[in-house]
Structure formats: C-alpha cells, structure tokens
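Shown below: final05.tsv, with TSV, C-alpha atoms.
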chain	number	residue	atom	x	y	z
A	862	MET	CA	0.00	0.00	0.00
A	863	GLY	CA	2.89	2.40	0.02
A	864	LEU	CA	2.10	4.01	3.38
A	865	ARG	CA	4.38	4.25	6.35
A	866	PRO	CA	2.58	2.33	9.10
A	867	ASN	CA	2.56	3.28	12.73
A	868	LEU	CA	4.43	1.05	15.13
A	869	LEU	CA	3.38	0.50	18.70
A	870	THR	CA	6.08	0.23	21.25
A	871	ARG	CA	6.21	-0.69	24.88
A	872	ARG	CA	9.08	0.48	27.02
A	873	THR	CA	9.80	-0.43	30.60
A	874	ALA	CA	9.45	2.92	32.35
A	875	GLY	CA	5.94	3.25	33.61
A	876	VAL	CA	2.84	4.64	31.96
A	877	ALA	CA	1.62	3.12	28.74
A	878	SER	CA	0.47	4.42	25.45
A	879	THR	CA	-0.09	3.01	22.01
A	880	THR	CA	0.61	3.36	18.35
A	881	LEU	CA	-1.18	2.02	15.33
A	882	ALA	CA	-0.20	0.85	11.95
A	883	LEU	CA	-2.56	-0.14	9.20
A	884	LEU	CA	-1.28	-1.05	5.81
A	885	LEU	CA	-3.57	-0.67	2.85
A	886	SER	CA	-2.91	-0.61	-0.85
A	887	THR	CA	-2.79	-2.59	-4.00
A	888	ALA	CA	0.95	-3.10	-3.80
A	889	ALA	CA	3.28	-4.95	-1.47
A	890	VAL	CA	4.32	-2.89	1.52
A	891	GLY	CA	7.56	-2.43	3.38
A	892	VAL	CA	7.60	-1.17	6.95
A	893	VAL	CA	9.38	1.99	8.03
A	894	PRO	CA	9.73	1.69	11.79
A	895	ALA	CA	10.00	4.46	14.33
A	896	ALA	CA	13.14	6.55	14.28
A	897	SER	CA	16.32	4.74	15.34
A	898	ALA	CA	14.48	1.46	15.92
A	899	PHE	CA	15.83	-0.26	12.84
A	900	SER	CA	16.23	0.54	9.18
A	901	ALA	CA	13.40	0.17	6.69
A	902	ALA	CA	12.24	-3.37	6.14
A	903	PRO	CA	13.93	-5.19	3.26
A	904	SER	CA	12.23	-5.12	-0.09
A	905	ASP	CA	10.83	-8.61	0.42
A	906	ALA	CA	9.29	-7.67	3.77
A	907	CYS	CA	5.91	-7.08	2.22
A	908	VAL	CA	2.36	-8.02	3.05
A	909	GLU	CA	-0.77	-8.81	1.18
A	910	PRO	CA	-2.67	-5.66	0.18
A	911	ALA	CA	-5.28	-4.21	2.49
A	912	ASP	CA	-4.83	-6.73	5.26
A	913	VAL	CA	-2.29	-5.86	7.91
A	914	HIS	CA	-2.18	-3.56	10.88
A	915	THR	CA	0.00	-3.25	13.95
A	916	ASP	CA	-0.66	-2.03	17.45
A	917	ALA	CA	1.76	-0.90	20.12
A	918	ARG	CA	1.65	0.67	23.53
A	919	ILE	CA	4.55	2.74	24.81
A	920	LYS	CA	5.37	2.41	28.47
A	921	ALA	CA	7.40	5.58	28.73
A	922	GLY	CA	6.74	8.87	30.48
A	923	GLY	CA	3.35	10.16	31.51
A	924	HIS	CA	1.76	11.09	28.21
A	925	ALA	CA	0.47	9.16	25.26
A	926	LYS	CA	2.76	8.90	22.30
A	927	HIS	CA	1.74	7.62	18.93
A	928	GLU	CA	2.34	8.18	15.26
A	929	PRO	CA	-1.12	9.11	13.96
A	930	ASN	CA	-0.79	7.40	10.59
A	931	GLU	CA	-4.27	5.85	10.65
A	932	LEU	CA	-6.28	4.60	7.69
A	933	THR	CA	-7.27	7.43	5.42
A	934	SER	CA	-10.92	7.81	4.46
A	935	ALA	CA	-10.00	6.58	0.97
A	936	GLN	CA	-8.46	3.42	2.41
A	937	VAL	CA	-11.53	2.79	4.53
A	938	ARG	CA	-13.69	3.21	1.42
A	939	GLU	CA	-11.50	0.67	-0.34
A	940	ARG	CA	-11.98	-1.89	2.41
A	941	GLU	CA	-15.71	-1.23	2.68
A	942	ALA	CA	-16.13	-1.60	-1.09
A	943	ASP	CA	-14.28	-4.91	-0.94
A	944	LEU	CA	-16.54	-6.10	1.87
A	945	ALA	CA	-19.63	-5.21	-0.18
A	946	ALA	CA	-18.19	-6.99	-3.22
A	947	ALA	CA	-17.39	-10.09	-1.17
A	948	LEU	CA	-20.96	-10.18	0.16
A	949	ARG	CA	-22.34	-9.88	-3.38
A	950	GLU	CA	-20.13	-12.75	-4.52
A	951	ARG	CA	-21.43	-15.00	-1.78
A	952	ALA	CA	-25.03	-14.02	-2.49
A	953	ASN	CA	-24.54	-15.20	-6.07
A	954	PHE	CA	-23.35	-18.67	-5.05
A	955	ARG	CA	-25.59	-21.55	-6.07
A	956	PRO	CA	-27.88	-22.77	-3.26
A	957	GLY	CA	-26.10	-25.45	-1.28
A	958	ALA	CA	-22.69	-24.28	-2.40
A	959	GLY	CA	-21.82	-22.77	0.96
A	960	ALA	CA	-23.51	-19.39	0.67
A	961	THR	CA	-25.88	-19.78	3.62
A	962	PRO	CA	-24.91	-17.21	6.25
A	963	VAL	CA	-23.96	-18.57	9.65
A	964	ALA	CA	-25.37	-17.17	12.89
A	965	SER	CA	-22.84	-18.59	15.34
A	966	VAL	CA	-19.26	-19.67	14.91
A	967	THR	CA	-16.75	-21.72	16.88
A	968	ILE	CA	-13.31	-20.73	15.65
A	969	PRO	CA	-10.53	-23.32	15.82
A	970	VAL	CA	-7.34	-21.81	17.23
A	971	ILE	CA	-3.79	-22.93	16.52
A	972	VAL	CA	-1.21	-21.30	18.80
A	973	HIS	CA	2.43	-21.18	17.71
A	974	VAL	CA	4.83	-20.41	20.57
A	975	ILE	CA	8.02	-19.04	19.04
A	976	GLN	CA	10.98	-19.59	21.36
A	977	ARG	CA	14.61	-18.63	21.37
A	978	ASP	CA	15.28	-21.45	23.82
A	979	SER	CA	13.54	-23.44	26.55
A	980	THR	CA	13.61	-20.68	29.17
A	981	ARG	CA	10.75	-18.35	30.08
A	982	ALA	CA	13.00	-15.42	29.14
A	983	GLY	CA	13.45	-17.09	25.78
A	984	GLY	CA	9.71	-17.16	25.06
A	985	ASN	CA	8.77	-20.49	26.63
A	986	ILE	CA	5.51	-19.46	28.29
A	987	PRO	CA	3.48	-22.20	30.01
A	988	ASP	CA	0.42	-23.86	28.49
A	989	SER	CA	-1.65	-22.47	31.36
A	990	MET	CA	-1.25	-18.92	30.05
A	991	ILE	CA	-2.47	-20.00	26.64
A	992	THR	CA	-5.54	-21.77	27.98
A	993	GLN	CA	-6.28	-18.68	30.08
A	994	GLN	CA	-6.00	-16.54	26.93
A	995	ILE	CA	-8.60	-18.70	25.20
A	996	SER	CA	-10.84	-18.25	28.24
A	997	VAL	CA	-10.38	-14.47	28.03
A	998	LEU	CA	-11.39	-14.52	24.37
A	999	ASN	CA	-14.47	-16.59	25.08
A	1000	GLN	CA	-15.54	-14.31	27.91
A	1001	ALA	CA	-14.99	-11.14	25.88
A	1002	TYR	CA	-16.74	-12.38	22.74
A	1003	SER	CA	-19.65	-13.95	24.62
A	1004	GLY	CA	-20.47	-10.70	26.39
A	1005	ALA	CA	-19.64	-12.18	29.79
A	1006	THR	CA	-17.42	-9.20	30.65
A	1007	GLY	CA	-20.29	-6.73	30.26
A	1008	GLY	CA	-20.46	-5.96	26.55
A	1009	ALA	CA	-22.59	-7.25	23.70
A	1010	ALA	CA	-22.54	-10.96	22.96
A	1011	THR	CA	-21.01	-11.77	19.58
A	1012	ALA	CA	-21.45	-14.85	17.42
A	1013	PHE	CA	-17.97	-16.13	18.18
A	1014	ALA	CA	-16.45	-18.73	20.45
A	1015	PHE	CA	-12.88	-20.03	20.39
A	1016	GLN	CA	-11.65	-23.59	20.74
A	1017	LEU	CA	-7.97	-24.36	21.20
A	1018	GLN	CA	-6.94	-27.09	18.77
A	1019	LYS	CA	-3.20	-27.20	19.15
A	1020	ILE	CA	-0.17	-25.62	20.82
A	1021	ASN	CA	2.81	-25.76	18.51
A	1022	ARG	CA	6.13	-24.96	20.18
A	1023	VAL	CA	8.93	-23.93	17.86
A	1024	THR	CA	12.49	-23.22	18.99
A	1025	ASN	CA	14.09	-21.13	16.26
A	1026	PRO	CA	16.41	-18.24	17.19
A	1027	THR	CA	16.20	-16.86	13.65
A	1028	TRP	CA	12.49	-16.15	14.21
A	1029	TYR	CA	13.03	-14.68	17.69
A	1030	PRO	CA	12.10	-11.99	18.36
A	1031	ILE	CA	9.35	-11.86	15.75
A	1032	VAL	CA	10.28	-8.85	13.60
A	1033	TYR	CA	7.33	-7.09	12.03
A	1034	GLY	CA	7.49	-6.92	8.24
A	1035	SER	CA	10.62	-9.04	7.94
A	1036	SER	CA	11.38	-11.93	5.62
A	1037	ALA	CA	11.80	-14.04	8.77
A	1038	GLU	CA	8.22	-13.26	9.79
A	1039	ARG	CA	7.00	-14.26	6.34
A	1040	SER	CA	9.01	-17.46	6.48
A	1041	MET	CA	7.67	-18.26	9.95
A	1042	LYS	CA	4.07	-17.82	8.90
A	1043	SER	CA	4.31	-19.61	5.56
A	1044	THR	CA	6.02	-22.53	7.33
A	1045	LEU	CA	3.73	-22.78	10.34
A	1046	ARG	CA	0.26	-21.58	9.37
A	1047	GLU	CA	-2.43	-24.29	9.48
A	1048	GLY	CA	-6.07	-24.55	8.44
A	1049	GLY	CA	-8.35	-22.56	6.19
A	1050	LYS	CA	-9.79	-19.06	6.36
A	1051	ASN	CA	-11.83	-20.03	9.40
A	1052	THR	CA	-8.80	-21.07	11.47
A	1053	LEU	CA	-7.21	-18.49	13.76
A	1054	ASN	CA	-3.45	-18.84	13.85
A	1055	VAL	CA	-1.84	-17.02	16.79
A	1056	TYR	CA	1.92	-16.46	16.96
A	1057	LEU	CA	3.36	-15.76	20.41
A	1058	GLY	CA	6.82	-14.61	21.41
A	1059	GLU	CA	8.96	-11.56	22.06
A	1060	LEU	CA	8.24	-8.94	19.40
A	1061	SER	CA	10.50	-6.44	17.68
A	1062	ASP	CA	10.61	-2.80	18.77
A	1063	ASP	CA	8.61	-3.41	21.92
A	1064	LEU	CA	5.44	-4.12	19.96
A	1065	LEU	CA	2.41	-5.70	21.61
A	1066	GLY	CA	0.91	-7.23	18.50
A	1067	TRP	CA	-0.40	-7.01	14.99
A	1068	ALA	CA	-3.11	-8.69	12.93
A	1069	THR	CA	-4.39	-9.21	9.42
A	1070	PHE	CA	-7.77	-8.08	8.21
A	1071	PRO	CA	-9.83	-10.71	6.36
A	1072	GLN	CA	-9.57	-10.89	2.59
A	1073	ARG	CA	-11.14	-12.98	-0.13
A	1074	LYS	CA	-8.01	-14.96	-0.97
A	1075	LEU	CA	-6.32	-16.70	1.96
A	1076	SER	CA	-2.80	-15.45	2.55
A	1077	SER	CA	-0.07	-17.28	4.43
A	1078	SER	CA	0.24	-14.10	6.51
A	1079	ASP	CA	-3.33	-14.49	7.83
A	1080	GLY	CA	-3.46	-14.49	11.61
A	1081	VAL	CA	-2.54	-12.62	14.76
A	1082	VAL	CA	0.85	-11.96	16.35
A	1083	VAL	CA	0.80	-11.22	20.09
A	1084	LEU	CA	3.47	-10.56	22.69
A	1085	GLY	CA	3.65	-13.72	24.78
A	1086	GLU	CA	3.93	-11.81	28.05
A	1087	SER	CA	0.66	-9.94	27.33
A	1088	LEU	CA	-1.26	-13.14	27.98
A	1089	PRO	CA	-2.99	-13.49	31.37
A	1090	GLY	CA	-0.36	-13.67	34.07
A	1091	GLY	CA	2.39	-12.27	31.86
A	1092	THR	CA	4.93	-9.59	32.71
A	1093	ALA	CA	3.63	-6.78	30.44
A	1094	THR	CA	2.39	-4.46	33.19
A	1095	ASN	CA	-1.08	-3.03	32.49
A	1096	TYR	CA	-1.30	-5.23	29.39
A	1097	ASN	CA	-1.17	-8.70	30.93
A	1098	GLN	CA	-4.84	-9.66	31.20
A	1099	GLY	CA	-5.14	-11.00	27.66
A	1100	ASP	CA	-6.88	-8.10	25.96
A	1101	THR	CA	-4.13	-7.48	23.46
A	1102	GLY	CA	-5.28	-10.81	22.07
A	1103	THR	CA	-8.92	-9.72	22.27
A	1104	HIS	CA	-8.11	-6.48	20.43
A	1105	GLU	CA	-6.06	-8.11	17.68
A	1106	VAL	CA	-8.65	-10.82	17.06
A	1107	GLY	CA	-11.15	-7.98	16.63
A	1108	HIS	CA	-9.09	-6.74	13.70
A	1109	TRP	CA	-8.82	-10.28	12.32
A	1110	LEU	CA	-12.65	-10.24	12.37
A	1111	ASN	CA	-12.69	-6.89	10.50
A	1112	LEU	CA	-13.08	-4.28	13.25
A	1113	TYR	CA	-11.33	-0.93	13.06
A	1114	HIS	CA	-10.21	1.07	16.06
A	1115	THR	CA	-12.92	3.09	17.76
A	1116	PHE	CA	-10.95	6.23	16.92
A	1117	GLN	CA	-10.63	5.41	13.21
A	1118	GLY	CA	-11.25	8.57	11.21
A	1119	GLY	CA	-11.50	10.80	14.27
A	1120	CYS	CA	-14.60	12.94	14.73
A	1121	SER	CA	-15.70	13.11	11.10
A	1122	GLY	CA	-16.77	10.79	8.31
A	1123	ALA	CA	-17.71	7.15	8.76
A	1124	GLY	CA	-15.35	6.62	11.68
A	1125	ASP	CA	-15.02	2.93	12.48
A	1126	SER	CA	-18.02	2.06	10.25
A	1127	VAL	CA	-20.05	1.06	13.31
A	1128	ASP	CA	-23.05	3.20	14.26
A	1129	ASP	CA	-23.15	2.56	18.00
A	1130	THR	CA	-19.56	3.40	18.94
A	1131	PRO	CA	-19.41	7.13	19.79
A	1132	ALA	CA	-17.05	9.18	17.64
A	1133	GLU	CA	-13.59	9.52	19.16
A	1134	GLY	CA	-11.05	12.10	18.07
A	1135	SER	CA	-7.96	10.09	19.01
A	1136	ALA	CA	-6.85	6.98	20.82
A	1137	ALA	CA	-7.40	6.85	24.57
A	1138	PHE	CA	-4.63	5.66	26.86
A	1139	GLN	CA	-4.44	4.45	30.45
A	1140	CYS	CA	-7.91	4.68	32.12
A	1141	PRO	CA	-9.33	8.18	31.52
A	1142	THR	CA	-12.72	9.20	32.88
A	1143	GLY	CA	-15.26	11.46	31.21
A	1144	ARG	CA	-13.16	11.76	28.05
A	1145	ASP	CA	-15.09	13.42	25.20
A	1146	THR	CA	-13.03	14.39	22.16
A	1147	CYS	CA	-15.87	14.93	19.66
A	1148	THR	CA	-18.98	17.13	19.64
A	1149	ALA	CA	-21.13	14.18	18.51
A	1150	ALA	CA	-23.27	12.48	21.15
A	1151	GLY	CA	-21.62	10.15	23.63
A	1152	LEU	CA	-18.43	10.05	25.64
A	1153	ASP	CA	-15.38	8.39	24.13
A	1154	PRO	CA	-15.69	4.57	24.16
A	1155	ILE	CA	-12.65	4.05	26.36
A	1156	THR	CA	-13.99	0.73	27.68
A	1157	ASN	CA	-14.23	-0.73	24.19
A	1158	PHE	CA	-11.84	-3.52	23.28
A	1159	MET	CA	-10.90	-1.62	20.11
A	1160	ASP	CA	-9.50	1.44	21.88
A	1161	TYR	CA	-5.99	1.62	23.39
A	1162	THR	CA	-6.64	1.76	27.13
A	1163	TYR	CA	-5.22	-0.55	29.79
A	1164	ASP	CA	-6.54	-4.11	29.82
A	1165	SER	CA	-8.23	-3.37	33.15
A	1166	CYS	CA	-10.37	-0.69	31.47
A	1167	MET	CA	-11.47	-2.71	28.44
A	1168	TYR	CA	-14.55	-4.89	28.75
A	1169	GLN	CA	-16.92	-4.54	25.82
A	1170	PHE	CA	-17.89	-4.80	22.21
A	1171	THR	CA	-21.08	-3.10	21.01
A	1172	PRO	CA	-24.01	-4.76	19.18
A	1173	GLY	CA	-22.90	-2.91	16.05
A	1174	GLN	CA	-19.40	-4.33	16.31
A	1175	ALA	CA	-20.84	-7.80	16.86
A	1176	SER	CA	-22.95	-7.40	13.72
A	1177	ARG	CA	-20.00	-6.13	11.67
A	1178	MET	CA	-17.82	-9.07	12.69
A	1179	LEU	CA	-20.50	-11.59	11.74
A	1180	THR	CA	-21.12	-9.86	8.41
A	1181	ALA	CA	-17.41	-9.97	7.62
A	1182	TRP	CA	-17.21	-13.62	8.67
A	1183	ASN	CA	-19.97	-14.53	6.24
A	1184	ALA	CA	-18.28	-12.49	3.51
A	1185	TYR	CA	-14.73	-13.72	3.96
A	1186	ARG	CA	-14.25	-16.66	6.31
A	1187	ALA	CA	-17.39	-18.84	6.27
A	1188	ALA	CA	-16.99	-22.16	4.45
Could you express the structure from this file as structure tokens?
Amino acid sequence: MGLRPNLLTRRTAGVASTTLALLLSTAAVGVVPAASAFSAAPSDACVEPADVHTDARIKAGGHAKHEPNELTSAQVREREADLAAALRERANFRPGAGATPVASVTIPVIVHVIQRDSTRAGGNIPDSMITQQISVLNQAYSGATGGAATAFAFQLQKINRVTNPTWYPIVYGSSAERSMKSTLREGGKNTLNVYLGELSDDLLGWATFPQRKLSSSDGVVVLGESLPGGTATNYNQGDTGTHEVGHWLNLYHTFQGGCSGAGDSVDDTPAEGSAAFQCPTGRDTCTAAGLDPITNFMDYTYDSCMYQFTPGQASRMLTAWNAYRAA
C-alpha cells in the first residue's frame, strides 16, 4: 500500500500508550519503523494488500505517544467496497454451495509459541497462560465481561512450540516473519493462527484483516507476556489478544477517522477524536453524542479498562465472517 505504518512500542518505564499501523494498498508494503528502531524493512518484507495492521503501547513517560498514521478515508472506502463486493459474490453462489450465512461460529485456534530457547525469558511461556487466553477470548466475545454478545467462540486445537532463534524476536514486516508464517500456518480461512513470542521494537501485536483470498500471513501476532499472568504491566490480562482478534474479524479502532466521516463504520460506537490511553474518565473528544468509548476492546486503554464490544461491532464481525471466512 505504500504508506508508512505506525508502530506500537512498549518500554519499561511506567505509563503506557499506544501506536497504530494499518497497511492498505494494492501493492506490497515495506515497513518503516520508528526513528532509530531499525532501518526500513527489506524489499521482500511485504504483506498482502489491504490486510495488515499493527498495534503498540509505549510504556514511557506520563503522556500518550503515537504516530497518527491511521487509515485514510480513501483506504476505509477501499476496504468497505471490498466487503460489499465479497458479500455480493457469496449471495450469487448456487444454493447449497456454501452461501448460507452462519449465525454462530466456533473458531478453531492454533497457537504457535516461538521460542529462542527453553527458558521463560526465551519465550517459553506455560500452556496455562495459553488456555487462560482462550478463556479471556471466550468471555470477551460472549459478552460475559459486560459488553454485547457476539457470534464467536474459540476452541484451542493445538499448541505448537517452535524453537528457532532466527524467528526470535518476531520482527514485524521481515522476511523471517513471512518465512515463519508460511512454514507454520495451518487450516483454512476459518482457522485463527496465533503467533506468540517476544516482538520487535517493543510491539504488543499485529493482525491481518480478512480478505477474499487466503494469505499465508493471515493471523494474529501477540506478545507472549501480554497473555494473562504475563509480565507486560497493564497489558497482561489478555486483551491485546482480544483487540487483535477484533481486527482479524474486521473491526477498526474506535478512533478510526477521528470525529468526522464514517469513523469505524459502526453506528453505536461514539465518535472519538484520538486513541485513549491508560484509564481516563469522562473523556469526550468529539462534539457528537456520547463520551469516548474508552472501555471498548478496540480502543488503546489498559486491559483493566477494556470490557466490551457493542451490538454494532458484533454485527459487523459476523457480516465480515460470512463475507470472507465462512466455508
């Protein structure tokens, strides 16, 4: 897509904030990371068009820091047009050929634990953290945490542990990341592949948006220590995973587009001028009705402040599933 994506970083000094990157275009994309982090990604460090985004939270200082390179309104229109086209394609399928929309979905999950070595410091997190992460996903997407119930449940199929120092840490946009995913990814469009490990540049995670043709890059990358019980302070209750899976199911950030335009393309999330960090109260960045949705899983607040999806987000995810991922 030819845009410089935002990178999220987490540092070790205290208060957190976040940064976004969304890559959209009709061409392969290379990543230009934050200043002095590392040089531009090699020419083969590209992604499928219109399908990748990254998230990061910076634990440094007392104020939010982020590079505001969000999706442009033109890029959102591109994705929304593709969603409409995908829905039309499915509507034109012959009866019985798999076009019947589904109302509830159990998503098989394959978790790949990328390790430098067998130590916890080398990425070897215990199985218990992974099973707790699946529980967090099921609670969040069922509405058990206080938000709207969605159509989705998650069932762990396999934990695949891979010791490979050349893939550790997982470097966003690198040829090693591409190699890792093309080697390890399992299942069809309906299978969620999650890659866990230490991430480059203090990132918390990134995800692919759904697309009509399955890519080997499809899936979610999450910092292992952001899982429940991990060491990522303020981000260790599993909601980085919840957030990234939301993108995999076609949700934008609540602050997408700011106060104008179509925003996040969901009617019942109040307009939000910018990402929210930490746990603010009474935040209202737009003149439109409603306070900022700082408790929404698709904002950037601490895990302890996130607890809900809206009915509109639930509907959007199911629509996208039927367009892109249903059998």
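For the set A:Ala946, A:Val937, A:Met990, A:Ala1137, the residue with the smallest atom-to-atom gap to Gly1124 (chain A) is A:Val937, counting only C-alpha atoms.
Excluding region 1111-1119 of chain A itself and any same-chain residue fewer than 3 positions from it, the protein and nucleic acid residues within 8 Å of it, counting all atoms listed in the file, are Glu931, Leu932, Thr933, Ser934, Phe1070, Pro1071, Gly1107, His1108, Gly1122, Ala1123, Gly1124, Asp1125, Ser1126, Thr1130, Pro1131, Ala1132, Glu1133, Gly1134, Ser1135, Ala1136, Pro1154, Asn1157, Met1159, Asp1160, Gln1174, Arg1177, Met1178 and Ala1181 of chain A.
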Just to be explicit: take each residue in the selection above, keep C-alpha atoms, and write the result as an mmCIF file, in the frame of the given file.
data_model
loop_
_atom_site.group_PDB
_atom_site.id
_atom_site.type_symbol
_atom_site.label_atom_id
_atom_site.label_comp_id
_atom_site.auth_asym_id
_atom_site.auth_seq_id
_atom_site.Cartn_x
_atom_site.Cartn_y
_atom_site.Cartn_z
ATOM 1 C CA GLU A 931 -4.270 5.850 10.650
ATOM 2 C CA LEU A 932 -6.280 4.600 7.690
ATOM 3 C CA THR A 933 -7.270 7.430 5.420
ATOM 4 C CA SER A 934 -10.920 7.810 4.460
ATOM 5 C CA PHE A 1070 -7.770 -8.080 8.210
ATOM 6 C CA PRO A 1071 -9.830 -10.710 6.360
ATOM 7 C CA GLY A 1107 -11.150 -7.980 16.630
ATOM 8 C CA HIS A 1108 -9.090 -6.740 13.700
ATOM 9 C CA GLY A 1122 -16.770 10.790 8.310
ATOM 10 C CA ALA A 1123 -17.710 7.150 8.760
ATOM 11 C CA GLY A 1124 -15.350 6.620 11.680
ATOM 12 C CA ASP A 1125 -15.020 2.930 12.480
ATOM 13 C CA SER A 1126 -18.020 2.060 10.250
ATOM 14 C CA THR A 1130 -19.560 3.400 18.940
ATOM 15 C CA PRO A 1131 -19.410 7.130 19.790
ATOM 16 C CA ALA A 1132 -17.050 9.180 17.640
ATOM 17 C CA GLU A 1133 -13.590 9.520 19.160
ATOM 18 C CA GLY A 1134 -11.050 12.100 18.070
ATOM 19 C CA SER A 1135 -7.960 10.090 19.010
ATOM 20 C CA ALA A 1136 -6.850 6.980 20.820
ATOM 21 C CA PRO A 1154 -15.690 4.570 24.160
ATOM 22 C CA ASN A 1157 -14.230 -0.730 24.190
ATOM 23 C CA MET A 1159 -10.900 -1.620 20.110
ATOM 24 C CA ASP A 1160 -9.500 1.440 21.880
ATOM 25 C CA GLN A 1174 -19.400 -4.330 16.310
ATOM 26 C CA ARG A 1177 -20.000 -6.130 11.670
ATOM 27 C CA MET A 1178 -17.820 -9.070 12.690
ATOM 28 C CA ALA A 1181 -17.410 -9.970 7.620
#
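Remark: for Ala1188 (chain A), the closest of the candidate residues A:Lys1019, A:Val972, A:Arg1073, A:Ala1093 is A:Arg1073 (distances computed over all atoms listed in the file).
Our summary of the geometry notes that CA of Val1055 (chain A) is positioned 4.9 Å from CA of Val1081 (chain A).
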Practice problem: Take the point (-24.4, -9.5, 21.4) as written in the file and pick out every residue within 9 Å of it, counting all atoms listed in the file; give the list as a ChimeraX atom specification. | Solution: /A:1002-1004,1008-1012,1170-1176
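One finds CA of Arg1022 (chain A) at 17.5 Å from CA of Arg1039 (chain A).
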Quiz item: Do you have the CA of Cys1147 (chain A)-CA of Thr1162 (chain A) distance handy?
Solution: 17.7 Å
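Here the question is which of A:Ala942, A:Leu1179, A:Leu1017, A:Leu1057 gets nearest to Val966 (chain A) using all atoms listed in the file, and that residue is A:Leu1179.
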Quiz item: For the point (1.6, -11.8, 29.4) in file coordinates, what residues are within 10 Å, counting all atoms listed in the file? Give the answer as a list in words?
Solution: Ile986, Met990, Ile991, Gln994, Leu1057, Gly1058, Leu1065, Val1083, Leu1084, Gly1085, Glu1086, Ser1087, Leu1088, Pro1089, Gly1090, Gly1091, Thr1092, Ala1093, Thr1094, Asn1095, Tyr1096, Asn1097, Gln1098, Gly1099, Asp1100 and Thr1101 of chain A
Practice problem: Could you check which of A:Thr967, A:Gln993, A:Thr1142, A:Asn1183 is closest to Thr1052 (chain A), using all atoms listed in the file? | Solution: A:Thr967
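With all atoms listed in the file as the atoms that count, the residue of A:Ser965, A:Gly1102, A:Ser1078, A:Ala1150 with the shortest distance to Ser1040 (chain A) is A:Ser1078.
Counting only C-alpha atoms and comparing A:Leu1060, A:Ala1005, A:Ala952, A:Ala1184, the residue that lies closest to Arg977 (chain A) is A:Leu1060.
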